[in-house]
Amino acid sequence: MKNLTEREIIESVLKGNHGDFALLIDIYKDRAFTLLKKMLKNEMDAEEALQDSFLKAFNSLSSFRNDAKFSTWFYRIVYNTALSIIASKKRKIQMEMSSVEDHFDLGDFDDRIYASSENSTDYLLKIVDRLPVRNALVIILYYIDNLSLNEISNILNISLVNAKVLLHRSRNELRELIIKHNYQEELL
Amino acid sequence: MKVTDEILNKLIDNELNDREIKELHRLIKYDEVALSKVKAHQMVNSILKRINVELAPEDTTSKIMERISNSLLIKERKNGFFKFIISSFAFMIIFIVGYLISISGKIYVSETPSKYSEIIDKFVNFFASFNIALDNELILIIGGVLTVMLLISGYFMFEEHRSFKNKLENYL
């Protein structure tokens, strides 16, 4: 495997070495797939969206500005691709996508998830899967991709303040669930 | 100081200064509820750091590269077709211009002979050889109709390409 930086890979692809694009795919495919699965809640759709996203990125690579970060640019494509799939399938998640006022409405799910969880980690990760889409995306981009809130706001096309609100609100709600089930006592 | 959501998030993000941290420590020493909140918030943060990346299917890279190769092939074919159309335009324009020059050239050469007259003569004679075909009215009509059709289809192709490009840019 070639040992090239992202910038070098992009330059190489733009020079006509199209095969080098596979290196970029290998870097981002898993993280983008995680993001897409959280948005589309379906493995097959996520796989299709993943391929479409990389194809779009390849076709518009010449418009990528070198002063920008590739991850931010690419995740924006991934996010928009997922949004268009959602729109085309007319999924009823408008409530989740419409505003920053998203709130958790777990209903009976919390009890079911709690009953089926082995420990606090298992429980919380299952709850993350039930988060409103944008809350889940902010968490993934922040914790898995280590992106800054500024970068996240660019990807999701929301203000920096809204990105911060989504992250903090998610943490606060998850904290209340931890307290509800007294999991914090596991900490010494 | 109260243990608010804002303070807890600042604690997690390392945005509290030394004085605020000391005050928070003093507070949770005597307040069980505040201590629970801090513990739970830290727990959330540490668990979220452990979210697993889901692996994409193994053949993802090869599938995407295959689609890229196919799209490049289609692009090449489209470019070939586009080049064919442009070449046809160019050829027709040269043909018509040449014909017009050959008519006007005859007059020009005969009236003002110069040192370039020999070159112009050759040029005129070359295009004059097409005169036999162009003198035929039917061929001229067909040529004219084809040119108009090509110009119109070329215009629509260009417009479609431009609107698609704009859509793509807006989408991205």
# chains A, B, ... in the order shown; residues from 1 in each chain; ligands from 1
call {"tool": "residues_around", "arguments": {"residues": "A:Leu83", "least_positions_apart": "3", "cutoff": "10 Å", "atoms": "only C-alpha atoms", "output": "PyMOL selection string"}}
result
chain A and resi 36+39-40+49+77-80+86-89+97
call {"tool": "interface_residues", "arguments": {"of": "chain B", "to": "chain A", "cutoff": "7 Å", "atoms": "only C-alpha atoms", "output": "JSON, numbers by chain"}}
result
{"B": [5, 9, 36, 39, 40, 41, 43, 44, 47, 48, 49, 51, 53, 54, 55, 56, 61, 64, 65, 68, 172]}
call {"tool": "closest_residue", "arguments": {"among": "B:Ile28, B:Val38, B:Leu150, B:Leu138", "to": "B:Ile85", "atoms": "only C-alpha atoms"}}
result
B:Leu150
call {"tool": "atom_distance", "arguments": {"atom1": "atom CA of A:Leu166", "atom2": "atom CA of A:Asn135"}}
result
5.6 Å
call {"tool": "atom_distance", "arguments": {"atom1": "atom CA of B:Val3", "atom2": "atom CA of B:Leu24"}}
result
7.5 Å
call {"tool": "decode", "arguments": {"residues": "stretch 59-74 of chain A", "atoms": "N, CA and C atoms", "output": "PDB file, in the first residue's frame"}}
result
ATOM      1  N   ASN A  59     -15.986  12.530  -8.881  1.00  0.00           N
ATOM      2  CA  ASN A  59     -16.358  13.369 -10.026  1.00  0.00           C
ATOM      3  C   ASN A  59     -16.149  14.860  -9.782  1.00  0.00           C
ATOM      4  N   SER A  60     -16.222  15.264  -8.506  1.00  0.00           N
ATOM      5  CA  SER A  60     -16.049  16.708  -8.250  1.00  0.00           C
ATOM      6  C   SER A  60     -14.757  17.001  -7.489  1.00  0.00           C
ATOM      7  N   LEU A  61     -13.830  16.072  -7.545  1.00  0.00           N
ATOM      8  CA  LEU A  61     -12.565  16.256  -6.820  1.00  0.00           C
ATOM      9  C   LEU A  61     -11.803  17.489  -7.313  1.00  0.00           C
ATOM     10  N   SER A  62     -11.962  17.801  -8.590  1.00  0.00           N
ATOM     11  CA  SER A  62     -11.243  18.972  -9.134  1.00  0.00           C
ATOM     12  C   SER A  62     -11.752  20.281  -8.514  1.00  0.00           C
ATOM     13  N   SER A  63     -12.984  20.259  -7.971  1.00  0.00           N
ATOM     14  CA  SER A  63     -13.509  21.487  -7.357  1.00  0.00           C
ATOM     15  C   SER A  63     -13.135  21.589  -5.878  1.00  0.00           C
ATOM     16  N   PHE A  64     -12.458  20.567  -5.352  1.00  0.00           N
ATOM     17  CA  PHE A  64     -12.054  20.589  -3.945  1.00  0.00           C
ATOM     18  C   PHE A  64     -10.915  21.594  -3.765  1.00  0.00           C
ATOM     19  N   ARG A  65     -11.127  22.531  -2.819  1.00  0.00           N
ATOM     20  CA  ARG A  65     -10.094  23.539  -2.580  1.00  0.00           C
ATOM     21  C   ARG A  65      -9.054  22.966  -1.626  1.00  0.00           C
ATOM     22  N   ASN A  66      -7.798  23.161  -1.996  1.00  0.00           N
ATOM     23  CA  ASN A  66      -6.727  22.569  -1.196  1.00  0.00           C
ATOM     24  C   ASN A  66      -6.579  23.167   0.197  1.00  0.00           C
ATOM     25  N   ASP A  67      -7.131  24.378   0.388  1.00  0.00           N
ATOM     26  CA  ASP A  67      -7.004  24.991   1.718  1.00  0.00           C
ATOM     27  C   ASP A  67      -8.039  24.415   2.689  1.00  0.00           C
ATOM     28  N   ALA A  68      -9.025  23.689   2.157  1.00  0.00           N
ATOM     29  CA  ALA A  68     -10.051  23.085   3.022  1.00  0.00           C
ATOM     30  C   ALA A  68      -9.604  21.701   3.487  1.00  0.00           C
ATOM     31  N   LYS A  69     -10.340  21.193   4.480  1.00  0.00           N
ATOM     32  CA  LYS A  69     -10.017  19.857   4.983  1.00  0.00           C
ATOM     33  C   LYS A  69     -10.842  18.844   4.184  1.00  0.00           C
ATOM     34  N   PHE A  70     -10.198  17.798   3.686  1.00  0.00           N
ATOM     35  CA  PHE A  70     -10.919  16.836   2.853  1.00  0.00           C
ATOM     36  C   PHE A  70     -12.071  16.189   3.620  1.00  0.00           C
ATOM     37  N   SER A  71     -11.817  15.850   4.902  1.00  0.00           N
ATOM     38  CA  SER A  71     -12.858  15.156   5.674  1.00  0.00           C
ATOM     39  C   SER A  71     -14.137  15.986   5.741  1.00  0.00           C
ATOM     40  N   THR A  72     -14.001  17.294   5.995  1.00  0.00           N
ATOM     41  CA  THR A  72     -15.181  18.161   6.087  1.00  0.00           C
ATOM     42  C   THR A  72     -15.925  18.185   4.753  1.00  0.00           C
ATOM     43  N   TRP A  73     -15.154  18.349   3.683  1.00  0.00           N
ATOM     44  CA  TRP A  73     -15.740  18.401   2.331  1.00  0.00           C
ATOM     45  C   TRP A  73     -16.445  17.086   2.006  1.00  0.00           C
ATOM     46  N   PHE A  74     -15.775  15.983   2.308  1.00  0.00           N
ATOM     47  CA  PHE A  74     -16.337  14.675   1.964  1.00  0.00           C
ATOM     48  C   PHE A  74     -17.576  14.353   2.810  1.00  0.00           C
TER      49      PHE A  74
END
